[in-house]
>>> print(open('final-v9.pdb').read())   # PDB, C-alpha atoms
ATOM      1  CA  THR A   1     -28.173  50.247   5.108
ATOM      2  CA  GLN A   2     -29.546  50.353   8.651
ATOM      3  CA  ILE A   3     -32.857  52.271   8.650
ATOM      4  CA  THR A   4     -34.315  51.714  12.123
ATOM      5  CA  GLN A   5     -34.723  55.438  12.803
ATOM      6  CA  ALA A   6     -36.454  56.071   9.478
ATOM      7  CA  ILE A   7     -38.967  53.273  10.133
ATOM      8  CA  THR A   8     -39.521  54.513  13.695
ATOM      9  CA  ASP A   9     -40.132  58.061  12.460
ATOM     10  CA  ALA A  10     -42.582  56.862   9.812
ATOM     11  CA  ASN A  11     -44.335  54.660  12.376
ATOM     12  CA  ASN A  12     -44.697  57.611  14.767
ATOM     13  CA  TYR A  13     -45.876  59.972  12.023
ATOM     14  CA  ALA A  14     -48.449  57.491  10.702
ATOM     15  CA  THR A  15     -50.106  56.960  14.093
ATOM     16  CA  THR A  16     -50.452  60.675  14.932
ATOM     17  CA  ASN A  17     -51.943  62.053  11.713
ATOM     18  CA  GLY A  18     -55.425  60.570  11.678
ATOM     19  CA  GLY A  19     -56.809  57.520   9.933
ATOM     20  CA  MET A  20     -54.620  54.609   8.885
ATOM     21  CA  GLY A  21     -51.043  55.656   8.111
ATOM     22  CA  ILE A  22     -49.066  53.431   5.737
ATOM     23  CA  VAL A  23     -45.324  52.779   5.951
ATOM     24  CA  TYR A  24     -44.325  51.651   2.453
ATOM     25  CA  PHE A  25     -41.383  49.346   1.655
ATOM     26  CA  PRO A  26     -40.875  49.464  -2.128
ATOM     27  CA  ASN A  27     -38.786  47.171  -4.252
ATOM     28  CA  ILE A  28     -36.538  49.744  -5.873
ATOM     29  CA  SER A  29     -34.699  47.356  -8.207
ATOM     30  CA  ALA A  30     -35.937  45.171 -11.027
ATOM     31  CA  THR A  31     -33.014  42.753 -10.673
ATOM     32  CA  LYS A  32     -32.488  42.198  -6.938
ATOM     33  CA  ALA A  33     -34.288  42.371  -3.608
ATOM     34  CA  ALA A  34     -34.587  45.663  -1.765
ATOM     35  CA  ILE A  35     -33.258  44.862   1.729
ATOM     36  CA  TYR A  36     -34.279  47.057   4.667
ATOM     37  CA  LEU A  37     -32.032  46.349   7.652
ATOM     38  CA  THR A  38     -33.499  47.284  11.017
ATOM     39  CA  LYS A  39     -33.510  46.587  14.717
ATOM     40  CA  PRO A  40     -36.783  45.371  16.314
ATOM     41  CA  ILE A  41     -39.758  47.691  15.778
ATOM     42  CA  VAL A  42     -42.722  48.307  18.110
ATOM     43  CA  LEU A  43     -45.815  49.094  16.039
ATOM     44  CA  LYS A  44     -48.274  51.833  17.015
ATOM     45  CA  SER A  45     -52.062  51.987  16.628
ATOM     46  CA  ASN A  46     -53.538  52.856  13.222
ATOM     47  CA  VAL A  47     -50.397  51.902  11.309
ATOM     48  CA  ALA A  48     -49.992  49.643   8.271
ATOM     49  CA  LEU A  49     -46.747  48.233   6.915
ATOM     50  CA  TYR A  50     -46.953  47.481   3.195
ATOM     51  CA  PHE A  51     -44.234  45.327   1.614
ATOM     52  CA  GLU A  52     -44.002  45.397  -2.151
ATOM     53  CA  GLY A  53     -42.978  42.113  -3.747
ATOM     54  CA  GLY A  54     -39.186  41.857  -3.712
ATOM     55  CA  SER A  55     -38.752  43.922  -0.540
ATOM     56  CA  VAL A  56     -37.155  42.313   2.522
ATOM     57  CA  LEU A  57     -37.342  43.589   6.092
ATOM     58  CA  ARG A  58     -34.253  42.025   7.674
ATOM     59  CA  MET A  59     -33.258  41.816  11.321
ATOM     60  CA  ASP A  60     -30.054  43.674  12.220
ATOM     61  CA  VAL A  61     -28.388  40.972  14.293
ATOM     62  CA  SER A  62     -26.147  43.511  16.024
ATOM     63  CA  ALA A  63     -29.248  44.440  18.059
ATOM     64  CA  ALA A  64     -29.158  40.973  19.633
ATOM     65  CA  THR A  65     -25.767  41.550  21.263
ATOM     66  CA  GLY A  66     -26.177  40.797  24.951
ATOM     67  CA  TRP A  67     -29.594  39.230  24.620
ATOM     68  CA  GLY A  68     -30.219  36.415  27.079
ATOM     69  CA  GLY A  69     -32.280  33.297  26.542
ATOM     70  CA  GLY A  70     -36.007  33.380  25.941
ATOM     71  CA  SER A  71     -38.226  35.110  23.404
ATOM     72  CA  HIS A  72     -37.519  38.389  21.613
ATOM     73  CA  HIS A  73     -39.691  39.988  18.945
ATOM     74  CA  PHE A  74     -38.856  41.575  15.589
ATOM     75  CA  LEU A  75     -42.224  43.273  14.963
ATOM     76  CA  SER A  76     -44.433  43.673  18.021
ATOM     77  CA  ALA A  77     -47.370  45.670  19.361
ATOM     78  CA  THR A  78     -48.546  46.162  22.935
ATOM     79  CA  GLY A  79     -51.964  47.553  23.830
ATOM     80  CA  ALA A  80     -52.457  48.823  20.279
ATOM     81  CA  THR A  81     -55.372  48.633  17.838
ATOM     82  CA  ASN A  82     -55.898  48.689  14.082
ATOM     83  CA  ILE A  83     -52.592  47.337  12.766
ATOM     84  CA  GLU A  84     -51.941  45.878   9.319
ATOM     85  CA  VAL A  85     -48.874  44.102   7.908
ATOM     86  CA  TYR A  86     -49.406  43.064   4.312
ATOM     87  CA  GLY A  87     -48.006  42.720   0.813
ATOM     88  CA  ARG A  88     -45.769  40.255  -1.038
ATOM     89  CA  GLY A  89     -42.454  41.043   0.603
ATOM     90  CA  GLU A  90     -40.447  39.106   3.183
ATOM     91  CA  ILE A  91     -39.891  39.519   6.924
ATOM     92  CA  ASP A  92     -36.557  37.854   7.707
ATOM     93  CA  CYS A  93     -35.751  37.297  11.392
ATOM     94  CA  ARG A  94     -32.300  35.794  10.831
ATOM     95  CA  GLY A  95     -33.016  33.482  13.739
ATOM     96  CA  SER A  96     -29.921  31.350  13.168
ATOM     97  CA  HIS A  97     -27.660  34.415  13.334
ATOM     98  CA  VAL A  98     -29.416  35.777  16.436
ATOM     99  CA  ALA A  99     -28.905  32.436  18.171
ATOM    100  CA  ASN A 100     -25.271  32.264  17.021
ATOM    101  CA  TYR A 101     -26.196  28.989  15.331
ATOM    102  CA  GLN A 102     -27.063  27.338  18.648
ATOM    103  CA  PRO A 103     -30.405  25.460  18.683
ATOM    104  CA  PRO A 104     -33.108  27.290  20.703
ATOM    105  CA  ALA A 105     -33.291  24.381  23.138
ATOM    106  CA  THR A 106     -29.727  25.201  24.218
ATOM    107  CA  TYR A 107     -29.808  26.962  27.595
ATOM    108  CA  GLY A 108     -29.405  30.728  27.343
ATOM    109  CA  THR A 109     -29.921  30.900  23.581
ATOM    110  CA  PRO A 110     -32.101  33.851  22.489
ATOM    111  CA  GLN A 111     -35.101  33.196  20.287
ATOM    112  CA  ILE A 112     -36.658  35.712  17.917
ATOM    113  CA  ASN A 113     -40.033  35.672  16.203
ATOM    114  CA  PRO A 114     -41.293  37.927  13.391
ATOM    115  CA  PHE A 115     -44.654  39.031  14.808
ATOM    116  CA  TYR A 116     -45.945  39.276  18.381
ATOM    117  CA  THR A 117     -48.935  41.106  19.844
ATOM    118  CA  ASP A 118     -49.691  41.754  23.506
ATOM    119  CA  GLY A 119     -53.239  42.892  24.295
ATOM    120  CA  THR A 120     -53.688  44.217  20.758
ATOM    121  CA  SER A 121     -56.921  44.234  18.717
ATOM    122  CA  SER A 122     -57.996  44.546  15.077
ATOM    123  CA  VAL A 123     -54.915  43.089  13.398
ATOM    124  CA  LEU A 124     -54.525  42.103   9.742
ATOM    125  CA  LEU A 125     -51.582  39.982   8.619
ATOM    126  CA  TYR A 126     -51.818  39.238   4.914
ATOM    127  CA  GLY A 127     -49.691  37.882   2.092
ATOM    128  CA  VAL A 128     -46.182  38.264   3.494
ATOM    129  CA  LEU A 129     -43.435  35.646   3.659
ATOM    130  CA  MET A 130     -41.887  35.117   7.113
ATOM    131  CA  THR A 131     -38.560  33.324   7.388
ATOM    132  CA  GLU A 132     -35.967  32.145   9.909
ATOM    133  CA  SER A 133     -38.007  32.406  13.093
ATOM    134  CA  SER A 134     -36.409  30.615  16.033
ATOM    135  CA  GLY A 135     -39.449  31.160  18.281
ATOM    136  CA  PHE A 136     -43.225  31.142  17.828
ATOM    137  CA  THR A 137     -43.429  32.787  14.397
ATOM    138  CA  VAL A 138     -46.795  34.535  14.778
ATOM    139  CA  GLN A 139     -47.952  34.861  18.385
ATOM    140  CA  PRO A 140     -51.099  36.775  19.326
ATOM    141  CA  ALA A 141     -50.869  36.829  23.132
ATOM    142  CA  LYS A 142     -52.275  38.218  26.380
ATOM    143  CA  GLY A 143     -55.808  39.036  25.316
ATOM    144  CA  SER A 144     -55.111  40.004  21.703
ATOM    145  CA  SER A 145     -58.335  39.787  19.687
ATOM    146  CA  ASP A 146     -59.964  40.234  16.294
ATOM    147  CA  LEU A 147     -57.048  38.995  14.212
ATOM    148  CA  THR A 148     -57.171  38.069  10.533
ATOM    149  CA  ILE A 149     -54.201  36.071   9.259
ATOM    150  CA  GLN A 150     -54.494  35.117   5.599
ATOM    151  CA  ASN A 151     -52.324  33.903   2.763
ATOM    152  CA  ILE A 152     -49.043  34.170   4.640
ATOM    153  CA  LYS A 153     -46.110  31.856   4.097
ATOM    154  CA  ILE A 154     -43.882  30.711   6.958
ATOM    155  CA  ILE A 155     -40.552  29.040   6.131
ATOM    156  CA  ASN A 156     -38.445  28.068   9.152
ATOM    157  CA  ARG A 157     -35.629  25.634   9.758
ATOM    158  CA  SER A 158     -36.798  22.023   9.857
ATOM    159  CA  ASP A 159     -34.084  20.950  12.315
ATOM    160  CA  TRP A 160     -34.749  23.359  15.244
ATOM    161  CA  GLN A 161     -37.606  22.925  17.692
ATOM    162  CA  TRP A 162     -39.665  25.727  19.308
ATOM    163  CA  ASN A 163     -40.212  27.495  15.985
ATOM    164  CA  ASP A 164     -43.994  26.998  15.894
ATOM    165  CA  GLY A 165     -45.955  28.567  13.060
ATOM    166  CA  ILE A 166     -49.033  30.377  14.456
ATOM    167  CA  ASP A 167     -49.678  30.184  18.213
ATOM    168  CA  PHE A 168     -52.695  31.838  19.789
ATOM    169  CA  THR A 169     -51.665  32.270  23.420
ATOM    170  CA  ASP A 170     -54.403  33.583  25.750
ATOM    171  CA  SER A 171     -56.076  35.257  22.766
ATOM    172  CA  GLY A 172     -58.571  34.821  19.938
ATOM    173  CA  GLY A 173     -61.916  36.342  18.984
ATOM    174  CA  THR A 174     -64.379  38.354  21.009
ATOM    175  CA  SER A 175     -67.385  36.032  20.505
ATOM    176  CA  THR A 176     -68.651  33.204  18.300
ATOM    177  CA  SER A 177     -69.752  35.833  15.758
ATOM    178  CA  GLU A 178     -66.496  37.842  15.992
ATOM    179  CA  VAL A 179     -63.806  35.181  15.584
ATOM    180  CA  SER A 180     -60.125  35.461  14.822
ATOM    181  CA  LEU A 181     -59.591  33.932  11.384
ATOM    182  CA  VAL A 182     -56.569  32.089   9.963
ATOM    183  CA  SER A 183     -56.886  30.850   6.382
ATOM    184  CA  HIS A 184     -55.029  29.951   3.181
ATOM    185  CA  CYS A 185     -51.575  29.842   4.775
ATOM    186  CA  PHE A 186     -48.549  27.651   4.093
ATOM    187  CA  ILE A 187     -46.421  26.771   7.121
ATOM    188  CA  ARG A 188     -43.151  24.822   7.168
ATOM    189  CA  THR A 189     -41.533  24.415  10.578
ATOM    190  CA  CYS A 190     -39.756  21.883  12.718
ATOM    191  CA  ASP A 191     -42.222  22.268  15.597
ATOM    192  CA  ASP A 192     -46.033  22.653  15.718
ATOM    193  CA  GLY A 193     -47.787  24.293  12.793
ATOM    194  CA  CYS A 194     -50.764  25.939  14.538
ATOM    195  CA  CYS A 195     -51.669  25.993  18.222
ATOM    196  CA  ALA A 196     -54.285  27.292  20.610
ATOM    197  CA  LYS A 197     -52.760  27.412  24.064
ATOM    198  CA  THR A 198     -52.839  29.348  27.307
ATOM    199  CA  GLY A 199     -49.338  30.446  28.045
ATOM    200  CA  TYR A 200     -46.608  30.373  30.609
ATOM    201  CA  TYR A 201     -47.031  33.643  32.498
ATOM    202  CA  TYR A 202     -50.575  34.748  31.702
ATOM    203  CA  THR A 203     -53.783  32.966  32.636
ATOM    204  CA  GLY A 204     -56.310  34.271  30.103
ATOM    205  CA  THR A 205     -58.340  31.986  27.845
ATOM    206  CA  SER A 206     -57.932  31.250  24.143
ATOM    207  CA  HIS A 207     -61.228  31.115  22.266
ATOM    208  CA  ASP A 208     -63.280  31.832  19.151
ATOM    209  CA  ILE A 209     -60.655  30.942  16.556
ATOM    210  CA  THR A 210     -61.343  29.576  13.062
ATOM    211  CA  GLU A 211     -58.503  28.051  11.037
ATOM    212  CA  LYS A 212     -59.085  26.595   7.588
ATOM    213  CA  ASP A 213     -57.585  25.905   4.155
ATOM    214  CA  MET A 214     -54.049  25.384   5.416
ATOM    215  CA  VAL A 215     -51.001  23.407   4.263
ATOM    216  CA  ILE A 216     -48.623  22.521   7.097
ATOM    217  CA  ASP A 217     -45.287  20.707   6.902
ATOM    218  CA  THR A 218     -43.594  19.959  10.227
ATOM    219  CA  ALA A 219     -40.609  17.800  11.083
ATOM    220  CA  VAL A 220     -41.365  16.680  14.646
ATOM    221  CA  GLY A 221     -44.383  18.824  15.591
ATOM    222  CA  ASP A 222     -48.160  18.596  15.368
ATOM    223  CA  GLY A 223     -50.141  19.973  12.479
ATOM    224  CA  PHE A 224     -52.677  21.540  14.832
ATOM    225  CA  SER A 225     -52.537  21.411  18.613
ATOM    226  CA  VAL A 226     -55.055  22.434  21.254
ATOM    227  CA  GLY A 227     -53.486  22.577  24.695
ATOM    228  CA  ALA A 228     -49.769  22.015  25.332
ATOM    229  CA  GLU A 229     -48.961  25.040  27.528
ATOM    230  CA  THR A 230     -52.339  24.996  29.279
ATOM    231  CA  ASN A 231     -53.385  26.852  32.421
ATOM    232  CA  ALA A 232     -56.825  28.229  31.456
ATOM    233  CA  ASP A 233     -59.825  27.294  29.312
ATOM    234  CA  ILE A 234     -59.654  26.893  25.524
ATOM    235  CA  PHE A 235     -62.984  26.899  23.674
ATOM    236  CA  ASN A 236     -64.811  27.543  20.397
ATOM    237  CA  ILE A 237     -61.952  26.388  18.169
ATOM    238  CA  ASN A 238     -62.955  25.391  14.625
ATOM    239  CA  CYS A 239     -60.392  23.797  12.280
ATOM    240  CA  SER A 240     -61.120  22.461   8.801
ATOM    241  CA  LYS A 241     -59.524  21.709   5.433
ATOM    242  CA  PHE A 242     -55.996  21.086   6.674
ATOM    243  CA  GLU A 243     -53.360  19.261   4.657
ATOM    244  CA  VAL A 244     -50.632  18.127   7.051
ATOM    245  CA  ILE A 245     -47.431  16.413   5.921
ATOM    246  CA  ASN A 246     -44.326  15.087   7.714
ATOM    247  CA  CYS A 247     -45.854  15.619  11.143
ATOM    248  CA  HIS A 248     -45.572  13.896  14.508
ATOM    249  CA  ARG A 249     -49.368  14.077  14.876
ATOM    250  CA  GLY A 250     -51.875  15.622  12.499
ATOM    251  CA  VAL A 251     -54.130  16.856  15.318
ATOM    252  CA  ALA A 252     -53.232  16.807  19.012
ATOM    253  CA  LEU A 253     -55.373  17.481  22.078
ATOM    254  CA  VAL A 254     -52.990  17.817  24.989
ATOM    255  CA  HIS A 255     -53.348  19.067  28.531
ATOM    256  CA  TRP A 256     -49.992  19.498  30.154
ATOM    257  CA  HIS A 257     -46.921  21.561  30.704
ATOM    258  CA  SER A 258     -44.520  22.031  33.572
ATOM    259  CA  ASP A 259     -44.399  25.810  33.124
ATOM    260  CA  PRO A 260     -43.916  28.439  35.870
ATOM    261  CA  ALA A 261     -47.654  29.134  36.077
ATOM    262  CA  GLY A 262     -48.404  25.446  36.654
ATOM    263  CA  GLY A 263     -49.563  23.379  33.688
ATOM    264  CA  GLY A 264     -52.601  21.173  33.234
ATOM    265  CA  LYS A 265     -55.234  23.687  34.365
ATOM    266  CA  GLY A 266     -58.454  24.649  32.627
ATOM    267  CA  ASP A 267     -60.870  22.871  30.305
ATOM    268  CA  TRP A 268     -61.330  22.843  26.557
ATOM    269  CA  TYR A 269     -64.702  22.569  24.887
ATOM    270  CA  ASN A 270     -66.485  23.222  21.572
ATOM    271  CA  CYS A 271     -63.355  22.308  19.615
ATOM    272  CA  THR A 272     -64.113  20.831  16.178
ATOM    273  CA  PHE A 273     -61.856  19.373  13.489
TER
END
>>> encode(input="final-v9.pdb", output="structure tokens")
Amino acid sequence: TQITQAITDANNYATTNGGMGIVYFPNISATKAAIYLTKPIVLKSNVALYFEGGSVLRMDVSAATGWGGGSHHFLSATGATNIEVYGRGEIDCRGSHVANYQPPATYGTPQINPFYTDGTSSVLLYGVLMTESSGFTVQPAKGSSDLTIQNIKIINRSDWQWNDGIDFTDSGGTSTSEVSLVSHCFIRTCDDGCCAKTGYYYTGTSHDITEKDMVIDTAVGDGFSVGAETNADIFNINCSKFEVINCHRGVALVHWHSDPAGGGKGDWYNCTF
């Protein structure tokens, strides 16, 4: 059953009634998954999505009709604050269906990722399973700050590139004492597992990020990468206790990209591994 309007109504109600409103996705059956079919959702401030184990938030691929190439987002937030997505359920992008089974590198093929923030602060992402992303799976971008990403599982195709795990793009913490934290996650992708980069169309810095206690399995990507799409400074990055398997490079420090903003700009410093 398609429930986009119900989720939108709950999202709107939760943000306007004071405090933290919770949108609850129960598992209503003891014998099979509870599947909630929806079009992309834009999250509001002061809203939490809680997924009970056995619940699945699934992308309605009919919403992708007419989409062009480039990135599209399943759950997103712009200019918001105080957002939580947590629980033991699954967020299923159906990236292969959205792309009509064409690899993302094919010209004009749409990509979709489960979770994207634009200029959003105070974000908790905890416990959920994210599957079938054909873009950057978790992407805090454009000045997003104060993120905590813990104990999530990312399972993507191992034969499609551009499906990075967690990419901080022009984002991070607010200071060395107020870092964005990523810990105790399992990531299986074709492309890079975790990245700190400064993106294509925005020239902010990425900084004050701690990533630790991770298991990453990539086919052709890097376990952890600093740089790649680089056009501004990247600094105060602390990575430790990584187990990386089946990777192109365990750790990569790169300073390039022929993107529209002009790659190869900026410096990185205070990066430890």
>>> closest_residue(input="final-v9.pdb", among="A:Asp167, A:Asp92, A:Glu84, A:Asp192", to="Leu129 in chain A", atoms="all atoms listed in the file")
A:Asp92
>>> resolve_selection(input="final-v9.pdb", expression="the PyMOL selection byres ((chain A and resi 169) around 12)", output="MDAnalysis selection string")
chainID A and resid 116:119 136 138:145 164 166:168 170:173 194:207 209 225:234
>>> residues_around(input="final-v9.pdb", residues="Val128 in chain A", least_positions_apart="3", cutoff="9 Å", atoms="all atoms listed in the file", output="list in words")
Phe51, Gly53, Val85, Tyr86, Gly87, Arg88, Gly89, Glu90, Ile91, Leu125, Asn151, Ile152, Lys153 and Ile154 of chain A
>>> resolve_selection(input="final-v9.pdb", expression="the PyMOL selection byres ((chain A and resi 15) around 10)", output="list in words")
Ala10, Asn11, Asn12, Tyr13, Ala14, Thr16, Asn17, Gly18, Gly19, Met20, Gly21, Ile22, Leu43, Lys44, Ser45, Asn46, Val47 and Ala48 of chain A
>>> resolve_selection(input="final-v9.pdb", expression="the PyMOL selection byres ((chain A and resi 157) around 10)", output="VMD selection string")
chain A and resid 95 to 96 131 to 134 155 to 156 158 to 161 163 188 to 191 218 to 219
>>> atom_distance(input="final-v9.pdb", atom1="CA of Leu181 in chain A", atom2="CA of Pro114 in chain A")
18.8 Å
>>> residues_near_point(input="final-v9.pdb", point="(-37.0, 26.9, 23.8)", cutoff="9 Å", atoms="all atoms listed in the file", output="ChimeraX atom specification")
/A:69-71,103-107,109-111,134-135,161-163
>>> decode(input="final-v9.pdb", residues="range 102-117 of chain A", atoms="N, CA, C and O atoms", output="PDB file, in the first residue's frame")
ATOM      1  N   GLN A 102      20.163  -0.078 -15.256  1.00  0.00           N
ATOM      2  CA  GLN A 102      21.314   0.466 -15.966  1.00  0.00           C
ATOM      3  C   GLN A 102      22.328   0.952 -14.939  1.00  0.00           C
ATOM      4  O   GLN A 102      21.961   1.677 -14.006  1.00  0.00           O
ATOM      5  N   PRO A 103      23.607   0.606 -15.042  1.00  0.00           N
ATOM      6  CA  PRO A 103      24.590   1.059 -14.066  1.00  0.00           C
ATOM      7  C   PRO A 103      24.600   2.587 -13.953  1.00  0.00           C
ATOM      8  O   PRO A 103      24.385   3.284 -14.950  1.00  0.00           O
ATOM      9  N   PRO A 104      24.830   3.135 -12.745  1.00  0.00           N
ATOM     10  CA  PRO A 104      24.812   4.585 -12.566  1.00  0.00           C
ATOM     11  C   PRO A 104      25.774   5.334 -13.472  1.00  0.00           C
ATOM     12  O   PRO A 104      25.545   6.502 -13.794  1.00  0.00           O
ATOM     13  N   ALA A 105      26.862   4.683 -13.880  1.00  0.00           N
ATOM     14  CA  ALA A 105      27.822   5.351 -14.753  1.00  0.00           C
ATOM     15  C   ALA A 105      27.279   5.557 -16.168  1.00  0.00           C
ATOM     16  O   ALA A 105      27.850   6.296 -16.959  1.00  0.00           O
ATOM     17  N   THR A 106      26.157   4.911 -16.489  1.00  0.00           N
ATOM     18  CA  THR A 106      25.538   5.103 -17.796  1.00  0.00           C
ATOM     19  C   THR A 106      24.933   6.500 -17.884  1.00  0.00           C
ATOM     20  O   THR A 106      24.209   6.925 -16.987  1.00  0.00           O
ATOM     21  N   TYR A 107      25.221   7.221 -18.949  1.00  0.00           N
ATOM     22  CA  TYR A 107      24.753   8.605 -19.073  1.00  0.00           C
ATOM     23  C   TYR A 107      23.229   8.688 -18.960  1.00  0.00           C
ATOM     24  O   TYR A 107      22.505   7.919 -19.597  1.00  0.00           O
ATOM     25  N   GLY A 108      22.765   9.640 -18.134  1.00  0.00           N
ATOM     26  CA  GLY A 108      21.336   9.868 -18.009  1.00  0.00           C
ATOM     27  C   GLY A 108      20.618   8.953 -17.043  1.00  0.00           C
ATOM     28  O   GLY A 108      19.400   9.059 -16.878  1.00  0.00           O
ATOM     29  N   THR A 109      21.354   8.063 -16.376  1.00  0.00           N
ATOM     30  CA  THR A 109      20.724   7.141 -15.433  1.00  0.00           C
ATOM     31  C   THR A 109      20.543   7.817 -14.075  1.00  0.00           C
ATOM     32  O   THR A 109      21.493   8.349 -13.514  1.00  0.00           O
ATOM     33  N   PRO A 110      19.340   7.823 -13.520  1.00  0.00           N
ATOM     34  CA  PRO A 110      19.135   8.445 -12.202  1.00  0.00           C
ATOM     35  C   PRO A 110      19.746   7.600 -11.085  1.00  0.00           C
ATOM     36  O   PRO A 110      19.728   6.370 -11.139  1.00  0.00           O
ATOM     37  N   GLN A 111      20.292   8.281 -10.107  1.00  0.00           N
ATOM     38  CA  GLN A 111      20.778   7.633  -8.897  1.00  0.00           C
ATOM     39  C   GLN A 111      19.875   8.023  -7.736  1.00  0.00           C
ATOM     40  O   GLN A 111      19.309   9.108  -7.713  1.00  0.00           O
ATOM     41  N   ILE A 112      19.755   7.137  -6.753  1.00  0.00           N
ATOM     42  CA  ILE A 112      18.992   7.466  -5.557  1.00  0.00           C
ATOM     43  C   ILE A 112      19.775   7.011  -4.329  1.00  0.00           C
ATOM     44  O   ILE A 112      20.403   5.955  -4.342  1.00  0.00           O
ATOM     45  N   ASN A 113      19.773   7.858  -3.296  1.00  0.00           N
ATOM     46  CA  ASN A 113      20.402   7.467  -2.045  1.00  0.00           C
ATOM     47  C   ASN A 113      19.392   7.542  -0.912  1.00  0.00           C
ATOM     48  O   ASN A 113      18.411   8.283  -0.975  1.00  0.00           O
ATOM     49  N   PRO A 114      19.589   6.768   0.166  1.00  0.00           N
ATOM     50  CA  PRO A 114      18.599   6.711   1.236  1.00  0.00           C
ATOM     51  C   PRO A 114      18.512   7.965   2.092  1.00  0.00           C
ATOM     52  O   PRO A 114      17.431   8.332   2.552  1.00  0.00           O
ATOM     53  N   PHE A 115      19.660   8.668   2.321  1.00  0.00           N
ATOM     54  CA  PHE A 115      19.648   9.711   3.340  1.00  0.00           C
ATOM     55  C   PHE A 115      20.593  10.844   2.950  1.00  0.00           C
ATOM     56  O   PHE A 115      21.796  10.637   2.813  1.00  0.00           O
ATOM     57  N   TYR A 116      20.022  12.038   2.806  1.00  0.00           N
ATOM     58  CA  TYR A 116      20.788  13.213   2.374  1.00  0.00           C
ATOM     59  C   TYR A 116      20.377  14.418   3.215  1.00  0.00           C
ATOM     60  O   TYR A 116      19.178  14.642   3.441  1.00  0.00           O
ATOM     61  N   THR A 117      21.353  15.178   3.689  1.00  0.00           N
ATOM     62  CA  THR A 117      21.048  16.411   4.408  1.00  0.00           C
ATOM     63  C   THR A 117      21.769  17.581   3.752  1.00  0.00           C
ATOM     64  O   THR A 117      22.916  17.467   3.331  1.00  0.00           O
TER      65      THR A 117
END
